[in-house]
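For reference, entry14.pdb is printed below; it contains PDB, C-alpha atoms.
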ATOM      1  CA  MET A   1       3.220 -15.591  13.713
ATOM      2  CA  LEU A   2       6.321 -13.886  15.059
ATOM      3  CA  ILE A   3       8.877 -16.427  16.099
ATOM      4  CA  THR A   4      12.255 -14.706  16.029
ATOM      5  CA  ALA A   5      11.452 -10.986  15.917
ATOM      6  CA  VAL A   6      11.887  -9.029  19.157
ATOM      7  CA  LEU A   7      10.660  -5.474  19.788
ATOM      8  CA  HIS A   8      13.027  -2.967  21.422
ATOM      9  CA  GLU A   9      13.412   0.758  21.856
ATOM     10  CA  ALA A  10      15.496   2.069  18.996
ATOM     11  CA  ALA A  11      19.177   2.610  19.724
ATOM     12  CA  ALA A  12      21.539   5.067  18.041
ATOM     13  CA  ASP A  13      23.161   2.262  16.040
ATOM     14  CA  ASN A  14      19.723   1.389  14.573
ATOM     15  CA  VAL A  15      19.409   4.776  12.833
ATOM     16  CA  PRO A  16      21.053   3.816   9.501
ATOM     17  CA  SER A  17      18.960   0.632   9.240
ATOM     18  CA  ILE A  18      15.714   2.452  10.099
ATOM     19  CA  VAL A  19      16.422   5.184   7.546
ATOM     20  CA  ALA A  20      17.316   2.573   4.898
ATOM     21  CA  LEU A  21      14.080   0.623   5.502
ATOM     22  CA  LEU A  22      12.009   3.810   5.339
ATOM     23  CA  ALA A  23      13.740   4.966   2.145
ATOM     24  CA  GLN A  24      13.203   1.538   0.561
ATOM     25  CA  ALA A  25       9.476   1.847   1.369
ATOM     26  CA  GLY A  26       9.303   5.406  -0.018
ATOM     27  CA  LEU A  27       8.592   6.967   3.394
ATOM     28  CA  PRO A  28       9.966  10.329   4.594
ATOM     29  CA  THR A  29      13.397  10.364   6.221
ATOM     30  CA  ALA A  30      14.520  13.993   5.847
ATOM     31  CA  ASP A  31      13.761  14.896   9.458
ATOM     32  CA  LEU A  32      15.156  11.747  11.065
ATOM     33  CA  GLY A  33      18.334  11.909  13.069
ATOM     34  CA  PRO A  34      19.351  10.221  16.307
ATOM     35  CA  ALA A  35      17.352  12.645  18.493
ATOM     36  CA  ALA A  36      14.190  12.181  16.391
ATOM     37  CA  LEU A  37      14.367   8.446  17.008
ATOM     38  CA  ASP A  38      13.970   8.716  20.798
ATOM     39  CA  ASP A  39      10.389   7.467  20.546
ATOM     40  CA  PHE A  40      10.951   4.754  17.952
ATOM     41  CA  ILE A  41      10.462   1.051  18.456
ATOM     42  CA  VAL A  42      12.286  -1.433  16.257
ATOM     43  CA  ALA A  43      11.700  -5.077  15.492
ATOM     44  CA  LEU A  44      14.932  -7.040  15.436
ATOM     45  CA  ASP A  45      15.725 -10.457  14.052
ATOM     46  CA  GLY A  46      19.192 -11.597  15.013
ATOM     47  CA  GLY A  47      20.200  -7.982  15.572
ATOM     48  CA  GLU A  48      18.929  -6.873  12.131
ATOM     49  CA  VAL A  49      16.255  -4.151  12.018
ATOM     50  CA  ILE A  50      13.288  -5.669  10.176
ATOM     51  CA  GLY A  51      10.633  -3.150  11.210
ATOM     52  CA  ALA A  52      10.123   0.175  12.952
ATOM     53  CA  VAL A  53       7.509   2.648  14.083
ATOM     54  CA  GLY A  54       7.807   6.107  15.579
ATOM     55  CA  LEU A  55       5.918   8.460  17.835
ATOM     56  CA  GLU A  56       6.164  12.236  17.845
ATOM     57  CA  ARG A  57       4.695  13.933  20.891
ATOM     58  CA  HIS A  58       2.818  17.173  20.316
ATOM     59  CA  GLY A  59       1.306  18.304  23.607
ATOM     60  CA  ASP A  60      -1.150  15.641  24.697
ATOM     61  CA  HIS A  61      -1.518  14.280  21.153
ATOM     62  CA  GLY A  62       0.822  12.085  19.174
ATOM     63  CA  LEU A  63       1.786  11.556  15.574
ATOM     64  CA  LEU A  64       2.273   7.908  14.661
ATOM     65  CA  ARG A  65       4.894   7.884  11.943
ATOM     66  CA  SER A  66       7.256   5.760   9.948
ATOM     67  CA  LEU A  67       5.618   2.350  10.329
ATOM     68  CA  VAL A  68       7.690   0.084   8.139
ATOM     69  CA  VAL A  69       8.256  -3.667   7.865
ATOM     70  CA  ALA A  70      10.875  -5.283   5.639
ATOM     71  CA  PRO A  71       9.157  -6.873   2.614
ATOM     72  CA  GLU A  72      10.096 -10.435   3.542
ATOM     73  CA  TRP A  73       8.518  -9.985   7.003
ATOM     74  CA  ARG A  74       5.160  -8.578   5.899
ATOM     75  CA  ASP A  75       1.869 -10.391   6.511
ATOM     76  CA  GLN A  76       3.183 -12.093   9.642
ATOM     77  CA  GLY A  77       1.722  -9.759  12.276
ATOM     78  CA  LEU A  78       4.809  -7.614  12.744
ATOM     79  CA  GLY A  79       3.091  -4.371  11.683
ATOM     80  CA  CYS A  80       0.277  -5.055  14.155
ATOM     81  CA  ALA A  81       2.766  -5.750  16.944
ATOM     82  CA  LEU A  82       4.638  -2.523  16.224
ATOM     83  CA  VAL A  83       1.418  -0.457  16.216
ATOM     84  CA  GLU A  84       0.285  -2.046  19.493
ATOM     85  CA  ALA A  85       3.667  -1.268  21.062
ATOM     86  CA  ILE A  86       3.641   2.395  19.976
ATOM     87  CA  GLU A  87       0.022   2.777  21.104
ATOM     88  CA  ALA A  88       0.999   1.389  24.517
ATOM     89  CA  ARG A  89       3.893   3.851  24.703
ATOM     90  CA  ALA A  90       1.606   6.760  23.749
ATOM     91  CA  THR A  91      -0.993   5.707  26.309
ATOM     92  CA  ALA A  92       1.655   5.347  29.038
ATOM     93  CA  ALA A  93       2.866   8.862  28.167
ATOM     94  CA  GLY A  94      -0.646  10.205  28.750
ATOM     95  CA  LEU A  95      -1.376  11.106  25.143
ATOM     96  CA  ARG A  96      -5.050  11.539  24.253
ATOM     97  CA  SER A  97      -4.849  10.511  20.605
ATOM     98  CA  LEU A  98      -2.669   9.314  17.779
ATOM     99  CA  THR A  99      -2.920  10.791  14.294
ATOM    100  CA  LEU A 100      -1.138   9.634  11.156
ATOM    101  CA  LEU A 101      -0.794  10.347   7.470
ATOM    102  CA  THR A 102      -0.524   7.565   4.915
ATOM    103  CA  GLN A 103      -0.592   7.130   1.167
ATOM    104  CA  THR A 104      -0.947   3.337   1.186
ATOM    105  CA  ALA A 105      -1.883   1.904   4.585
ATOM    106  CA  ALA A 106      -5.310   3.396   5.388
ATOM    107  CA  PRO A 107      -7.098  -0.003   5.329
ATOM    108  CA  PHE A 108      -4.487  -1.453   7.713
ATOM    109  CA  PHE A 109      -5.123   1.341  10.223
ATOM    110  CA  VAL A 110      -8.912   1.363   9.780
ATOM    111  CA  ALA A 111      -8.829  -2.336  10.719
ATOM    112  CA  ARG A 112      -7.107  -1.220  13.953
ATOM    113  CA  ARG A 113      -9.885   1.254  14.840
ATOM    114  CA  TYR A 114      -8.367   4.384  13.346
ATOM    115  CA  THR A 115     -10.883   6.760  11.800
ATOM    116  CA  ALA A 116     -10.389   8.777   8.629
ATOM    117  CA  ILE A 117     -10.608  12.533   9.179
ATOM    118  CA  ASP A 118      -9.899  15.649   7.169
ATOM    119  CA  ARG A 119      -6.370  16.955   7.783
ATOM    120  CA  ALA A 120      -7.869  20.172   9.154
ATOM    121  CA  GLN A 121      -9.533  18.140  11.934
ATOM    122  CA  ALA A 122      -6.214  16.853  13.272
ATOM    123  CA  PRO A 123      -5.064  18.371  16.567
ATOM    124  CA  THR A 124      -3.483  21.769  15.921
ATOM    125  CA  PRO A 125      -0.081  20.842  17.425
ATOM    126  CA  VAL A 126       0.089  17.764  15.176
ATOM    127  CA  GLN A 127      -0.765  19.892  12.136
ATOM    128  CA  ALA A 128       2.375  21.935  12.866
ATOM    129  CA  SER A 129       4.636  18.854  12.534
ATOM    130  CA  SER A 130       6.983  18.497   9.574
ATOM    131  CA  GLU A 131       4.997  15.438   8.450
ATOM    132  CA  PHE A 132       1.925  17.655   8.005
ATOM    133  CA  THR A 133       3.620  20.826   6.786
ATOM    134  CA  THR A 134       6.247  19.589   4.331
ATOM    135  CA  LEU A 135       6.994  15.853   4.238
ATOM    136  CA  CYS A 136       3.692  14.145   3.402
ATOM    137  CA  PRO A 137       1.706  15.051   0.305
ATOM    138  CA  ALA A 138      -1.653  16.784   0.659
ATOM    139  CA  SER A 139      -3.216  13.686  -0.924
ATOM    140  CA  SER A 140      -2.255  11.561   2.104
ATOM    141  CA  ASN A 141      -5.054   9.989   4.094
ATOM    142  CA  CYS A 142      -5.327  11.339   7.635
ATOM    143  CA  LEU A 143      -6.467   8.956  10.357
ATOM    144  CA  THR A 144      -6.840   9.278  14.101
ATOM    145  CA  LYS A 145      -7.514   7.132  17.148
ATOM    146  CA  THR A 146      -8.527   8.214  20.633
ATOM    147  CA  LEU A 147      -6.459   6.451  23.271
ATOM    148  CA  ALA A 148      -7.802   5.064  26.523
ATOM    149  CA  ARG A 149      -6.359   6.964  29.463
ATOM    150  CA  SER A 150      -6.279   5.888  33.076
ATOM    151  CA  ASP A 151      -7.504   9.327  34.239
ATOM    152  CA  ASP A 152     -10.618   9.267  32.007
TER     153      ASP A 152
END
Final structure tokens representation of the file:
Amino acid sequence: MLITAVLHEAAADNVPSIVALLAQAGLPTADLGPAALDDFIVALDGGEVIGAVGLERHGDHGLLRSLVVAPEWRDQGLGCALVEAIEARATAAGLRSLTLLTQTAAPFFVARRYTAIDRAQAPTPVQASSEFTTLCPASSNCLTKTLARSDD
């Protein structure tokens, strides 16, 4: 149960901590700068970044990226809370779906109603992202989730 962690939109001063957490977890950071973090949500404990998740918008589809939780905070529901928050942001932005690539977290996302697909089935604009074209290995699992929209 989360007792002290608070979710916030990422701020410019969170960038070094987010990049450090991602690097520690072996996740891509090459394309992350302050502008790329506009659609990131962080989990803070006493002002310290202990988790993060990002959203890249590609037309009416989104790429969920960079979900990370500090090792000492894992298995306490923080990853779930971060995914729920980024899904809510994507839905509020009118996105139709979220797609992601992962080497290690497929079961976590399947448990949250994401479906495994072939990379070639991902929305074309998402396939053009740096995550798909250069940053994530071809062996990564590709998962997607259709989002509920108020106009559907």
message: I'd like to know which of A:Thr146, A:Thr99, A:Asn141, A:Thr115 is closest to A:Ser129, using only C-alpha atoms.
response: A:Thr99
Please provide the set of residues having any atom within 7 Å of stretch 65-81 of chain A, restricted to only C-alpha atoms, with same-chain residues fewer than 2 positions apart removed, written as an mmCIF file with C-alpha atoms, in the coordinates of the input.
data_model
loop_
_atom_site.group_PDB
_atom_site.id
_atom_site.type_symbol
_atom_site.label_atom_id
_atom_site.label_comp_id
_atom_site.auth_asym_id
_atom_site.auth_seq_id
_atom_site.Cartn_x
_atom_site.Cartn_y
_atom_site.Cartn_z
ATOM 1 C CA MET A 1 3.220 -15.591 13.713
ATOM 2 C CA LEU A 2 6.321 -13.886 15.059
ATOM 3 C CA LEU A 21 14.080 0.623 5.502
ATOM 4 C CA LEU A 22 12.009 3.810 5.339
ATOM 5 C CA LEU A 27 8.592 6.967 3.394
ATOM 6 C CA ILE A 50 13.288 -5.669 10.176
ATOM 7 C CA GLY A 51 10.633 -3.150 11.210
ATOM 8 C CA ALA A 52 10.123 0.175 12.952
ATOM 9 C CA VAL A 53 7.509 2.648 14.083
ATOM 10 C CA GLY A 54 7.807 6.107 15.579
ATOM 11 C CA LEU A 55 5.918 8.460 17.835
ATOM 12 C CA LEU A 63 1.786 11.556 15.574
ATOM 13 C CA VAL A 83 1.418 -0.457 16.216
ATOM 14 C CA GLU A 84 0.285 -2.046 19.493
ATOM 15 C CA ALA A 85 3.667 -1.268 21.062
ATOM 16 C CA LEU A 100 -1.138 9.634 11.156
#
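For the pair atom CA of A:Asp38 and atom CA of A:Ile86, the interatomic distance is 12.1 Å.
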Please enumerate the residues selected by the PyMOL selection byres ((chain A and resi 13-17) around 8) when evaluated against the supplied file, formatted as a CSV table (one decimal) with C-alpha atoms, in the coordinates of the input.
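Result went into expr.csv, see below:
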chain,number,residue,atom,x,y,z
A,10,ALA,CA,15.5,2.1,19.0
A,11,ALA,CA,19.2,2.6,19.7
A,12,ALA,CA,21.5,5.1,18.0
A,18,ILE,CA,15.7,2.5,10.1
A,19,VAL,CA,16.4,5.2,7.5
A,20,ALA,CA,17.3,2.6,4.9
A,21,LEU,CA,14.1,0.6,5.5
A,33,GLY,CA,18.3,11.9,13.1
A,34,PRO,CA,19.4,10.2,16.3
A,37,LEU,CA,14.4,8.4,17.0
A,49,VAL,CA,16.3,-4.2,12.0
- request: Choose the residue, out of A:Leu82, A:Leu135, A:His58, A:Ala88, that has the smallest atom-to-atom separation from A:Thr102; count all atoms listed in the file.
  value: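 Looking at the shortest contact to A:Thr102, the residue is A:Leu135.
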query: Can you tell me how far atom CA of A:Ala148 sits from atom CA of A:Ser97, in Å to one decimal?
result: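 Between atom CA of A:Ala148 and atom CA of A:Ser97 the gap works out to 8.6 Å.
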- request: Identify, on the basis of only C-alpha atoms, every residue whose closest approach to A:Thr144 does not exceed 10 Å; exclude the query and any residue fewer than 6 positions from it along the same chain; express the result as a VMD selection string.
  value: chain A and resid 62 to 64 97 to 101 109 to 110 113 to 119 121 to 123
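Minimum atom-to-atom distances from A:Pro125, A:Pro28, A:Gly46, A:Pro137 to A:Gln103 were compared using all atoms listed in the file, and the lowest value belongs to A:Pro137.
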statement: atom CA of A:Val42 to atom CA of A:Ala105 measures 18.7 Å
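The nearest approach to A:Ala92 among the residues A:Leu147, A:Cys142, A:Val6, A:Ala111, with all atoms listed in the file taken into account, belongs to A:Leu147.
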statement: Among A:Thr29, A:Phe108, A:Glu56, A:Gln127, A:Leu95 is approached most closely, using only C-alpha atoms, by A:Glu56
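When all atoms listed in the file are used to compute distances to A:Ala90, the closest of the residues A:Ala106, A:Ala23, A:Ile41, A:Ala30 turns out to be A:Ile41.
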Could stretch 34-59 of chain A be completed with N, CA, C and O atoms and returned as an mmCIF file, in the frame of the given file?
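Dumped to out19.cif:
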data_model
loop_
_atom_site.group_PDB
_atom_site.id
_atom_site.type_symbol
_atom_site.label_atom_id
_atom_site.label_comp_id
_atom_site.auth_asym_id
_atom_site.auth_seq_id
_atom_site.Cartn_x
_atom_site.Cartn_y
_atom_site.Cartn_z
ATOM 1 N N PRO A 34 19.372 10.972 15.044
ATOM 2 C CA PRO A 34 19.351 10.221 16.307
ATOM 3 C C PRO A 34 18.371 10.771 17.347
ATOM 4 O O PRO A 34 17.663 10.005 17.991
ATOM 5 N N ALA A 35 18.262 12.074 17.491
ATOM 6 C CA ALA A 35 17.352 12.645 18.493
ATOM 7 C C ALA A 35 15.893 12.390 18.126
ATOM 8 O O ALA A 35 15.057 12.163 19.001
ATOM 9 N N ALA A 36 15.567 12.406 16.838
ATOM 10 C CA ALA A 36 14.190 12.181 16.391
ATOM 11 C C ALA A 36 13.744 10.745 16.634
ATOM 12 O O ALA A 36 12.567 10.454 16.635
ATOM 13 N N LEU A 37 14.695 9.856 16.841
ATOM 14 C CA LEU A 37 14.367 8.446 17.008
ATOM 15 C C LEU A 37 14.212 8.042 18.476
ATOM 16 O O LEU A 37 14.121 6.863 18.788
ATOM 17 N N ASP A 38 14.134 9.023 19.377
ATOM 18 C CA ASP A 38 13.970 8.716 20.798
ATOM 19 C C ASP A 38 12.704 7.919 21.085
ATOM 20 O O ASP A 38 12.678 7.105 21.989
ATOM 21 N N ASP A 39 11.652 8.175 20.349
ATOM 22 C CA ASP A 39 10.389 7.467 20.546
ATOM 23 C C ASP A 39 10.107 6.508 19.394
ATOM 24 O O ASP A 39 8.987 6.413 18.899
ATOM 25 N N PHE A 40 11.123 5.787 18.965
ATOM 26 C CA PHE A 40 10.951 4.754 17.952
ATOM 27 C C PHE A 40 11.091 3.382 18.595
ATOM 28 O O PHE A 40 11.847 3.201 19.542
ATOM 29 N N ILE A 41 10.348 2.451 18.062
ATOM 30 C CA ILE A 41 10.462 1.051 18.456
ATOM 31 C C ILE A 41 10.886 0.290 17.208
ATOM 32 O O ILE A 41 10.372 0.537 16.115
ATOM 33 N N VAL A 42 11.826 -0.615 17.379
ATOM 34 C CA VAL A 42 12.286 -1.433 16.257
ATOM 35 C C VAL A 42 11.969 -2.897 16.523
ATOM 36 O O VAL A 42 11.885 -3.334 17.669
ATOM 37 N N ALA A 43 11.808 -3.622 15.440
ATOM 38 C CA ALA A 43 11.700 -5.077 15.492
ATOM 39 C C ALA A 43 13.031 -5.610 14.993
ATOM 40 O O ALA A 43 13.512 -5.194 13.933
ATOM 41 N N LEU A 44 13.619 -6.489 15.777
ATOM 42 C CA LEU A 44 14.932 -7.040 15.436
ATOM 43 C C LEU A 44 14.830 -8.545 15.233
ATOM 44 O O LEU A 44 14.112 -9.234 15.952
ATOM 45 N N ASP A 45 15.563 -9.022 14.267
ATOM 46 C CA ASP A 45 15.725 -10.457 14.052
ATOM 47 C C ASP A 45 17.216 -10.713 13.975
ATOM 48 O O ASP A 45 17.866 -10.277 13.024
ATOM 49 N N GLY A 46 17.753 -11.349 14.991
ATOM 50 C CA GLY A 46 19.192 -11.597 15.013
ATOM 51 C C GLY A 46 20.005 -10.327 14.975
ATOM 52 O O GLY A 46 21.075 -10.292 14.381
ATOM 53 N N GLY A 47 19.505 -9.254 15.554
ATOM 54 C CA GLY A 47 20.200 -7.982 15.572
ATOM 55 C C GLY A 47 19.938 -7.111 14.353
ATOM 56 O O GLY A 47 20.328 -5.948 14.319
ATOM 57 N N GLU A 48 19.253 -7.639 13.341
ATOM 58 C CA GLU A 48 18.929 -6.873 12.131
ATOM 59 C C GLU A 48 17.574 -6.188 12.308
ATOM 60 O O GLU A 48 16.601 -6.812 12.745
ATOM 61 N N VAL A 49 17.511 -4.892 11.955
ATOM 62 C CA VAL A 49 16.255 -4.151 12.018
ATOM 63 C C VAL A 49 15.373 -4.608 10.854
ATOM 64 O O VAL A 49 15.737 -4.458 9.695
ATOM 65 N N ILE A 50 14.211 -5.173 11.203
ATOM 66 C CA ILE A 50 13.288 -5.669 10.176
ATOM 67 C C ILE A 50 11.966 -4.903 10.189
ATOM 68 O O ILE A 50 11.091 -5.145 9.361
ATOM 69 N N GLY A 51 11.834 -3.970 11.138
ATOM 70 C CA GLY A 51 10.633 -3.150 11.210
ATOM 71 C C GLY A 51 10.846 -2.012 12.186
ATOM 72 O O GLY A 51 11.741 -2.065 13.037
ATOM 73 N N ALA A 52 10.013 -0.979 12.053
ATOM 74 C CA ALA A 52 10.123 0.175 12.952
ATOM 75 C C ALA A 52 8.820 0.955 12.936
ATOM 76 O O ALA A 52 8.033 0.866 11.983
ATOM 77 N N VAL A 53 8.624 1.718 14.001
ATOM 78 C CA VAL A 53 7.509 2.648 14.083
ATOM 79 C C VAL A 53 7.923 3.764 15.025
ATOM 80 O O VAL A 53 8.698 3.534 15.959
ATOM 81 N N GLY A 54 7.422 4.962 14.762
ATOM 82 C CA GLY A 54 7.807 6.107 15.579
ATOM 83 C C GLY A 54 6.614 6.845 16.146
ATOM 84 O O GLY A 54 5.485 6.719 15.665
ATOM 85 N N LEU A 55 6.900 7.620 17.170
ATOM 86 C CA LEU A 55 5.918 8.460 17.835
ATOM 87 C C LEU A 55 6.527 9.839 17.998
ATOM 88 O O LEU A 55 7.654 9.973 18.467
ATOM 89 N N GLU A 56 5.790 10.846 17.564
ATOM 90 C CA GLU A 56 6.164 12.236 17.845
ATOM 91 C C GLU A 56 5.126 12.771 18.817
ATOM 92 O O GLU A 56 3.925 12.651 18.580
ATOM 93 N N ARG A 57 5.598 13.360 19.897
ATOM 94 C CA ARG A 57 4.695 13.933 20.891
ATOM 95 C C ARG A 57 4.475 15.408 20.600
ATOM 96 O O ARG A 57 5.425 16.162 20.425
ATOM 97 N N HIS A 58 3.208 15.784 20.566
ATOM 98 C CA HIS A 58 2.818 17.173 20.316
ATOM 99 C C HIS A 58 1.765 17.526 21.364
ATOM 100 O O HIS A 58 0.573 17.297 21.151
ATOM 101 N N GLY A 59 2.218 18.043 22.496
ATOM 102 C CA GLY A 59 1.306 18.304 23.607
ATOM 103 C C GLY A 59 0.758 16.984 24.098
ATOM 104 O O GLY A 59 1.504 16.037 24.333
#
